[in-house]
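Chemist: My structure is in start12.cif, and what it holds is mmCIF, C-alpha atoms:
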```
data_work
#
loop_
_atom_site.label_atom_id
_atom_site.label_comp_id
_atom_site.auth_asym_id
_atom_site.auth_seq_id
_atom_site.Cartn_x
_atom_site.Cartn_y
_atom_site.Cartn_z
CA MET A 1 2.86 -32.74 -51.30
CA THR A 2 5.83 -32.37 -48.97
CA SER A 3 9.18 -33.05 -50.62
CA PRO A 4 11.73 -35.50 -49.11
CA ARG A 5 14.16 -32.63 -48.62
CA ALA A 6 11.62 -30.70 -46.57
CA LEU A 7 10.97 -33.78 -44.44
CA ARG A 8 14.69 -34.19 -43.78
CA ARG A 9 14.92 -30.59 -42.65
CA LEU A 10 11.85 -30.81 -40.42
CA PRO A 11 13.78 -31.94 -37.29
CA LEU A 12 16.17 -29.03 -37.78
CA HIS A 13 13.28 -26.57 -38.02
CA LEU A 14 11.59 -28.07 -34.97
CA GLY A 15 14.82 -27.87 -33.00
CA ALA A 16 15.29 -24.23 -34.00
CA ALA A 17 11.71 -23.40 -33.03
CA LEU A 18 12.14 -25.14 -29.66
CA THR A 19 15.35 -23.22 -29.02
CA VAL A 20 13.65 -19.91 -29.80
CA VAL A 21 10.75 -20.73 -27.47
CA LEU A 22 13.08 -21.73 -24.62
CA CYS A 23 15.14 -18.57 -25.02
CA LEU A 24 12.21 -16.16 -25.35
CA PHE A 25 9.85 -17.62 -22.76
CA PRO A 26 11.65 -16.06 -19.73
CA VAL A 27 11.49 -12.68 -21.46
CA TYR A 28 7.81 -13.20 -22.26
CA TRP A 29 7.10 -14.17 -18.65
CA MET A 30 8.95 -11.10 -17.38
CA VAL A 31 6.94 -8.74 -19.59
CA THR A 32 3.55 -10.32 -18.87
CA THR A 33 4.28 -10.39 -15.12
CA ALA A 34 4.98 -6.66 -15.27
CA PHE A 35 1.40 -6.12 -16.46
CA LYS A 36 -0.30 -8.55 -14.05
CA PRO A 37 -2.11 -7.30 -10.94
CA SER A 38 -0.28 -8.16 -7.72
CA ARG A 39 -2.90 -10.74 -6.72
CA ASP A 40 -2.25 -12.75 -9.89
CA ILE A 41 1.57 -12.76 -9.81
CA GLN A 42 1.92 -15.40 -7.08
CA SER A 43 -1.31 -17.21 -7.79
CA GLU A 44 -1.45 -20.96 -7.31
CA HIS A 45 -2.73 -21.23 -10.87
CA PRO A 46 -0.42 -19.17 -13.12
CA ARG A 47 -1.72 -18.12 -16.51
CA LEU A 48 0.20 -17.45 -19.70
CA LEU A 49 -1.91 -14.36 -20.33
CA PRO A 50 -2.98 -11.97 -17.57
CA ARG A 51 -6.67 -11.93 -16.75
CA SER A 52 -6.46 -8.16 -16.45
CA TRP A 53 -3.74 -5.65 -17.26
CA THR A 54 -2.32 -2.91 -15.07
CA LEU A 55 0.38 -0.25 -15.29
CA ASP A 56 0.75 0.19 -11.54
CA HIS A 57 4.03 -1.74 -11.45
CA PHE A 58 5.56 0.52 -14.10
CA ARG A 59 4.39 3.57 -12.16
CA ARG A 60 6.06 2.32 -8.97
CA ALA A 61 9.24 1.52 -10.89
CA VAL A 62 9.46 4.95 -12.53
CA GLU A 63 8.64 6.72 -9.26
CA ALA A 64 11.18 4.70 -7.28
CA ASP A 65 14.07 6.61 -5.73
CA GLY A 66 17.00 7.01 -8.08
CA PHE A 67 15.34 5.86 -11.30
CA GLY A 68 16.25 8.93 -13.36
CA LEU A 69 19.66 9.35 -11.69
CA PHE A 70 20.73 5.76 -12.14
CA TRP A 71 19.45 5.81 -15.70
CA ARG A 72 21.67 8.80 -16.44
CA ASN A 73 24.65 7.08 -14.78
CA SER A 74 24.19 3.96 -16.89
CA VAL A 75 23.94 5.96 -20.10
CA LEU A 76 27.07 8.01 -19.34
CA VAL A 77 29.15 5.02 -18.30
CA THR A 78 28.00 2.86 -21.22
CA LEU A 79 28.50 5.48 -23.92
CA GLY A 80 31.88 6.48 -22.48
CA ALA A 81 33.13 2.88 -22.39
CA VAL A 82 31.92 2.13 -25.93
CA ALA A 83 33.44 5.32 -27.36
CA LEU A 84 36.82 4.71 -25.69
CA SER A 85 36.83 1.07 -26.77
CA LEU A 86 36.12 1.91 -30.42
CA LEU A 87 38.71 4.69 -30.51
CA VAL A 88 41.55 2.63 -29.03
CA ALA A 89 40.62 -0.60 -30.83
CA LEU A 90 40.47 1.16 -34.18
CA GLY A 91 44.08 2.25 -33.87
CA ALA A 92 45.23 -1.11 -32.50
CA SER A 93 43.45 -3.12 -35.21
CA PHE A 94 44.92 -0.87 -37.93
CA ALA A 95 48.42 -1.37 -36.53
CA VAL A 96 48.00 -5.15 -36.40
CA ALA A 97 46.29 -5.58 -39.78
CA ARG A 98 48.22 -3.04 -41.88
CA MET A 99 51.68 -2.75 -40.31
CA ARG A 100 54.54 -5.20 -39.84
CA TRP A 101 56.36 -4.82 -36.54
CA ARG A 102 58.17 -7.03 -34.07
CA GLY A 103 55.88 -8.51 -31.43
CA ARG A 104 52.69 -8.25 -33.50
CA ARG A 105 51.76 -11.91 -33.00
CA GLN A 106 52.59 -11.74 -29.29
CA PHE A 107 50.37 -8.70 -28.97
CA MET A 108 47.39 -10.50 -30.51
CA LEU A 109 48.07 -13.50 -28.25
CA MET A 110 47.89 -11.20 -25.22
CA VAL A 111 44.63 -9.76 -26.54
CA PHE A 112 43.14 -13.26 -26.86
CA VAL A 113 44.31 -14.14 -23.34
CA ALA A 114 42.70 -10.97 -21.98
CA GLN A 115 39.49 -11.84 -23.81
CA MET A 116 39.40 -15.33 -22.28
CA ALA A 117 40.10 -14.17 -18.71
CA PRO A 118 36.98 -14.21 -16.47
CA TRP A 119 36.46 -10.66 -15.30
CA GLU A 120 34.77 -11.82 -12.10
CA SER A 121 38.15 -13.17 -10.94
CA LEU A 122 39.68 -9.70 -11.27
CA ILE A 123 37.26 -7.90 -8.95
CA ILE A 124 39.63 -8.01 -5.97
CA PRO A 125 42.70 -6.72 -7.89
CA VAL A 126 40.62 -3.98 -9.53
CA TYR A 127 39.19 -3.00 -6.15
CA ILE A 128 42.67 -2.79 -4.59
CA ILE A 129 43.96 -0.66 -7.48
CA ALA A 130 40.93 1.64 -7.29
CA ARG A 131 41.30 1.96 -3.51
CA ASP A 132 45.03 2.73 -3.64
CA THR A 133 44.55 5.33 -6.38
CA ASP A 134 41.54 6.97 -4.70
CA MET A 135 39.21 5.94 -7.56
CA LEU A 136 36.48 4.24 -5.56
CA ASP A 137 32.91 5.60 -5.72
CA ARG A 138 33.50 7.35 -9.05
CA LEU A 139 31.74 6.87 -12.36
CA PRO A 140 34.96 7.27 -14.41
CA THR A 141 36.27 4.17 -12.63
CA LEU A 142 33.34 2.12 -13.91
CA THR A 143 33.85 3.60 -17.38
CA LEU A 144 37.49 2.51 -17.41
CA VAL A 145 36.62 -0.98 -16.14
CA TYR A 146 33.95 -1.49 -18.82
CA PHE A 147 36.37 -0.09 -21.40
CA MET A 148 38.93 -2.74 -20.43
CA MET A 149 36.25 -5.46 -20.52
CA THR A 150 35.14 -4.64 -24.06
CA LEU A 151 38.49 -3.64 -25.59
CA PRO A 152 39.93 -7.13 -26.38
CA PHE A 153 36.80 -8.27 -28.20
CA THR A 154 36.62 -5.00 -30.11
CA ILE A 155 40.25 -5.31 -31.25
CA VAL A 156 39.76 -8.89 -32.43
CA VAL A 157 36.57 -8.12 -34.38
CA LEU A 158 37.83 -4.91 -36.01
CA ARG A 159 41.11 -6.56 -36.91
CA GLY A 160 39.15 -9.36 -38.62
CA PHE A 161 37.03 -6.90 -40.59
CA LEU A 162 40.04 -4.81 -41.55
CA ALA A 163 41.96 -7.88 -42.74
CA THR A 164 39.20 -8.64 -45.26
CA ILE A 165 39.56 -5.21 -46.89
CA PRO A 166 42.21 -5.38 -49.66
CA PRO A 167 45.09 -3.00 -48.84
CA GLU A 168 45.33 -2.23 -52.56
CA LEU A 169 42.27 0.01 -52.16
CA GLU A 170 44.15 2.25 -49.74
CA GLU A 171 47.31 2.09 -51.86
CA SER A 172 45.31 3.31 -54.86
CA ALA A 173 44.04 6.24 -52.82
CA GLN A 174 47.61 7.06 -51.77
CA VAL A 175 48.71 7.03 -55.40
CA ASP A 176 45.95 9.57 -56.07
CA GLY A 177 47.41 11.87 -53.43
CA CYS A 178 45.89 10.77 -50.12
CA THR A 179 48.04 10.33 -47.07
CA ARG A 180 48.04 6.96 -45.33
CA LEU A 181 45.66 8.25 -42.68
CA GLY A 182 43.49 9.92 -45.31
CA ALA A 183 43.32 6.73 -47.37
CA PHE A 184 42.23 4.78 -44.31
CA ARG A 185 39.62 7.37 -43.39
CA HIS A 186 38.12 7.66 -46.86
CA VAL A 187 38.42 4.05 -48.09
CA ALA A 188 38.74 1.51 -45.27
CA PHE A 189 36.81 3.25 -42.53
CA PRO A 190 33.44 3.29 -44.39
CA LEU A 191 33.81 -0.45 -45.04
CA LEU A 192 34.32 -1.04 -41.31
CA ALA A 193 30.76 0.08 -40.52
CA PRO A 194 29.47 -3.48 -39.85
CA GLY A 195 32.37 -4.21 -37.50
CA LEU A 196 31.93 -0.91 -35.69
CA MET A 197 28.22 -1.58 -35.21
CA ALA A 198 28.76 -5.16 -34.07
CA THR A 199 31.38 -4.18 -31.52
CA SER A 200 29.32 -1.20 -30.39
CA LEU A 201 26.39 -3.51 -29.75
CA PHE A 202 28.56 -5.94 -27.79
CA GLY A 203 30.14 -3.14 -25.75
CA TYR A 204 26.78 -1.56 -25.04
CA ILE A 205 25.19 -4.79 -23.81
CA THR A 206 28.25 -5.66 -21.71
CA ALA A 207 28.44 -2.29 -19.97
CA TRP A 208 24.68 -1.81 -19.69
CA ASN A 209 24.07 -5.17 -17.99
CA GLU A 210 27.14 -5.35 -15.74
CA PHE A 211 26.30 -5.63 -12.03
CA ALA A 212 29.25 -6.94 -10.01
CA TYR A 213 31.69 -4.06 -10.54
CA ALA A 214 28.96 -1.43 -10.24
CA ASN A 215 27.95 -2.91 -6.90
CA PHE A 216 31.50 -3.52 -5.67
CA LEU A 217 33.33 -0.33 -6.66
CA ILE A 218 30.56 2.12 -5.73
CA ILE A 219 30.20 1.67 -1.97
CA LYS A 220 29.60 5.00 -0.24
CA GLN A 221 28.29 7.19 -3.06
CA GLN A 222 24.94 5.52 -3.70
CA ASP A 223 24.05 8.22 -6.24
CA HIS A 224 26.84 6.94 -8.51
CA ARG A 225 25.39 3.46 -8.97
CA THR A 226 23.87 2.20 -12.19
CA LEU A 227 20.58 0.62 -13.23
CA PRO A 228 21.52 -3.03 -12.59
CA VAL A 229 22.18 -2.13 -8.95
CA TRP A 230 18.96 -0.11 -8.84
CA LEU A 231 17.02 -3.25 -9.78
CA SER A 232 17.99 -4.80 -6.46
CA SER A 233 16.25 -1.98 -4.58
CA PHE A 234 12.88 -3.71 -4.95
CA HIS A 235 13.92 -6.37 -2.45
CA ASN A 236 13.45 -5.50 1.22
CA THR A 237 12.92 -7.21 4.57
CA PHE A 238 9.31 -7.94 3.63
CA GLY A 239 10.27 -9.80 0.46
CA THR A 240 10.50 -8.92 -3.21
CA ASP A 241 8.03 -6.72 -5.03
CA TRP A 242 7.89 -8.97 -8.08
CA GLY A 243 5.57 -6.75 -10.06
CA ALA A 244 7.78 -3.69 -9.74
CA THR A 245 10.90 -5.81 -10.27
CA MET A 246 9.57 -7.22 -13.53
CA ALA A 247 8.41 -3.78 -14.68
CA ALA A 248 11.81 -2.29 -13.86
CA SER A 249 13.54 -5.17 -15.66
CA THR A 250 11.37 -4.59 -18.71
CA LEU A 251 12.26 -0.90 -18.75
CA PHE A 252 15.91 -1.82 -18.25
CA ALA A 253 15.94 -4.27 -21.17
CA LEU A 254 14.01 -2.03 -23.55
CA PRO A 255 16.91 0.22 -24.68
CA ALA A 256 19.13 -2.79 -25.43
CA LEU A 257 16.33 -4.38 -27.45
CA VAL A 258 15.71 -1.21 -29.45
CA ILE A 259 19.40 -0.72 -30.21
CA PHE A 260 19.75 -4.35 -31.26
CA LEU A 261 16.79 -4.10 -33.62
CA LEU A 262 18.19 -0.91 -35.12
CA LEU A 263 21.72 -2.28 -35.65
CA GLN A 264 20.97 -5.89 -36.52
CA ARG A 265 20.05 -5.19 -40.13
CA HIS A 266 23.17 -3.07 -40.66
CA VAL A 267 25.43 -5.65 -39.04
CA THR A 268 24.26 -8.41 -41.37
CA SER A 269 24.03 -6.41 -44.60
CA GLY A 270 26.22 -3.36 -44.12
CA PHE A 271 29.50 -4.95 -45.16
CA ALA A 272 28.21 -6.09 -48.56
CA ALA A 273 26.56 -2.72 -49.17
CA GLY A 274 29.72 -0.87 -48.21
CA ALA A 275 31.88 -3.03 -50.45
CA VAL A 276 29.65 -2.31 -53.44
CA LYS A 277 29.73 1.43 -52.76
CA GLY A 278 33.51 1.35 -52.34
#
```
Go ahead and express the file in the form of structure tokens.

Modeler:
Amino acid sequence: MTSPRALRRLPLHLGAALTVVLCLFPVYWMVTTAFKPSRDIQSEHPRLLPRSWTLDHFRRAVEADGFGLFWRNSVLVTLGAVALSLLVALGASFAVARMRWRGRRQFMLMVFVAQMAPWESLIIPVYIIARDTDMLDRLPTLTLVYFMMTLPFTIVVLRGFLATIPPELEESAQVDGCTRLGAFRHVAFPLLAPGLMATSLFGYITAWNEFAYANFLIIKQQDHRTLPVWLSSFHNTFGTDWGATMAASTLFALPALVIFLLLQRHVTSGFAAGAVKG
């Protein structure tokens, strides 16, 4: 017999289930459309499950011009931005959380302001700076832009994780002969694994999915564009090839999904595990 407590929680569970369905249904429709034959995609009577399955759309997507090149560009730009963001944010978060210096609060306020600023509003200033410094049509420009987009969030998160680690642990290591940098590397850094993974995931998704700057800063050198811009290549004067577009979108979303599934468990449980080991 159902308990009163379970009945009280039933609306909450139903609301959560409805939210999950609403969030996942577009993804489900994208994936199933990628496997539908062209004649069924724009049918007057859409079906939740394809009547027949085909891989022709994936073949056209993979064989499309620039697939491998744009894939490589996206990987290089994304990994470069994430690595730079983690490296700089690690030093900044250590300085804010472990050191006392004039202007520390003002610095964090500036970081929060930068995090709240809509990056779409900065396209024109970034374009002018890139044009005047001869940095248009270059992949390092995109890497630097994505680095700036992810840096404030990375600093805030790592600073929060570092503030929860007792400084006495590092002081004990220093008493045993470690330098300040050595104590941080051997004691605090392993406990930062959840924060590093969480910020890496955020930075990866941000840089991997970004479209506006990749389309706006890479004008002449088409070979330097990234996968989000490549997705728009399936639209022409005759309309949109929806099958190939959905297949390309599925391939585009797959790496982010895999990385999320790999890191999600560590993000939620890594901090407790690291604290026990420490």

Chemist: To verify the selection step, state as a PyMOL selection string which residues the PyMOL selection byres ((chain A and resi 247) around 8) yields on this input.

Modeler: chain A and resi 30-31+33-35+57-58+61+243-246+248-251

Chemist: Report, in Å with one decimal, the straight-line distance from atom CA of A:Pro190 to atom CA of A:Ser93.

Modeler: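 Between atom CA of A:Pro190 and atom CA of A:Ser93 the gap works out to 15.0 Å.
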
Chemist: Nearest to A:Val111 among A:Thr150, A:Ser43, A:Gln174, A:Thr54, with distances taken over only C-alpha atoms: which residue is it?

Modeler: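 Using only C-alpha atoms, A:Val111 sits closest to A:Thr150.
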
Chemist: Can you tell me, as a list of chain:residue names, what residues are no more than 12 Å from A:Leu257 when counting all atoms listed in the file, ignoring any on the same chain fewer than 3 positions away?

Modeler: A:Val27, A:Leu201, A:Tyr204, A:Ile205, A:Trp208, A:Thr250, A:Leu251, A:Phe252, A:Ala253, A:Leu254, A:Phe260, A:Leu261, A:Leu262, A:Leu263, A:Gln264

Chemist: Excluding A:Leu49 and its own-chain neighbours fewer than 3 positions away, which residues fall within 10 Å of it when counting only C-alpha atoms? Please give them as a list in words.

Modeler: Tyr28, Trp29, Thr32, Thr33, Phe35, Lys36, Pro46, Ser52 and Trp53 of chain A

Chemist: Show me, as a ChimeraX atom specification, the residues that have an atom within 10 Å of A:Ala97 when counting all atoms listed in the file, minus same-chain residues fewer than 2 positions from it.

Modeler: /A:92-95,99-100,104,158-165,167

Chemist: Might you spell out which residues the PyMOL selection byres ((chain A and resi 218) around 12) would select in the displayed file, as a PDB file with C-alpha atoms, in the frame of the given file?

Modeler:
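Output saved as selection.pdb:
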```
ATOM      1  CA  ASN A  73      24.650   7.080 -14.780  1.00  0.00           C
ATOM      2  CA  TYR A 127      39.190  -3.000  -6.150  1.00  0.00           C
ATOM      3  CA  ALA A 130      40.930   1.640  -7.290  1.00  0.00           C
ATOM      4  CA  ARG A 131      41.300   1.960  -3.510  1.00  0.00           C
ATOM      5  CA  MET A 135      39.210   5.940  -7.560  1.00  0.00           C
ATOM      6  CA  LEU A 136      36.480   4.240  -5.560  1.00  0.00           C
ATOM      7  CA  ASP A 137      32.910   5.600  -5.720  1.00  0.00           C
ATOM      8  CA  ARG A 138      33.500   7.350  -9.050  1.00  0.00           C
ATOM      9  CA  LEU A 139      31.740   6.870 -12.360  1.00  0.00           C
ATOM     10  CA  PRO A 140      34.960   7.270 -14.410  1.00  0.00           C
ATOM     11  CA  THR A 141      36.270   4.170 -12.630  1.00  0.00           C
ATOM     12  CA  LEU A 142      33.340   2.120 -13.910  1.00  0.00           C
ATOM     13  CA  PHE A 211      26.300  -5.630 -12.030  1.00  0.00           C
ATOM     14  CA  ALA A 212      29.250  -6.940 -10.010  1.00  0.00           C
ATOM     15  CA  TYR A 213      31.690  -4.060 -10.540  1.00  0.00           C
ATOM     16  CA  ALA A 214      28.960  -1.430 -10.240  1.00  0.00           C
ATOM     17  CA  ASN A 215      27.950  -2.910  -6.900  1.00  0.00           C
ATOM     18  CA  PHE A 216      31.500  -3.520  -5.670  1.00  0.00           C
ATOM     19  CA  LEU A 217      33.330  -0.330  -6.660  1.00  0.00           C
ATOM     20  CA  ILE A 219      30.200   1.670  -1.970  1.00  0.00           C
ATOM     21  CA  LYS A 220      29.600   5.000  -0.240  1.00  0.00           C
ATOM     22  CA  GLN A 221      28.290   7.190  -3.060  1.00  0.00           C
ATOM     23  CA  GLN A 222      24.940   5.520  -3.700  1.00  0.00           C
ATOM     24  CA  ASP A 223      24.050   8.220  -6.240  1.00  0.00           C
ATOM     25  CA  HIS A 224      26.840   6.940  -8.510  1.00  0.00           C
ATOM     26  CA  ARG A 225      25.390   3.460  -8.970  1.00  0.00           C
ATOM     27  CA  THR A 226      23.870   2.200 -12.190  1.00  0.00           C
ATOM     28  CA  VAL A 229      22.180  -2.130  -8.950  1.00  0.00           C
TER      29      VAL A 229
END
```

Chemist: Report the distance between atom CA of A:Ala6 and atom CA of A:Cys23 in Å, rounded to one decimal place.

Modeler: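 Result for atom CA of A:Ala6 versus atom CA of A:Cys23: 25.0 Å, one decimal.
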
Chemist: For the atom pair atom CA of A:Phe153 and atom CA of A:Val88, what is the interatomic distance in Å to one decimal place?

Modeler: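 Distance between the two atoms: 11.9 Å.
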
Chemist: I'd like the contact shell of A:Leu86 - 8 Å cut-off, all atoms listed in the file, skipping same-chain residues fewer than 5 positions apart - returned as an NGL selection string.

Modeler: :A and (151 or 154 or 196 or 199-200)

Chemist: Determine the nearest neighbour of A:Ile259 from the options A:Asp241, A:Val21, A:Gly203, A:Arg180, counting all atoms listed in the file.

Modeler: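 Nearest candidate to A:Ile259 out of A:Asp241, A:Val21, A:Gly203, A:Arg180: A:Gly203.
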
Chemist: Using all atoms listed in the file, can you tell me which of A:Gln106, A:Val258, A:Thr206, A:Gly91 comes closest to A:Phe184?

Modeler: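 Ranked by minimum distance to A:Phe184, first place goes to A:Gly91.
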
Chemist: Evaluate the PyMOL selection byres ((chain A and resi 70) around 7) against this structure - the residues, as a ChimeraX atom specification, please.

Modeler: /A:66-69,71-74,225-227,230
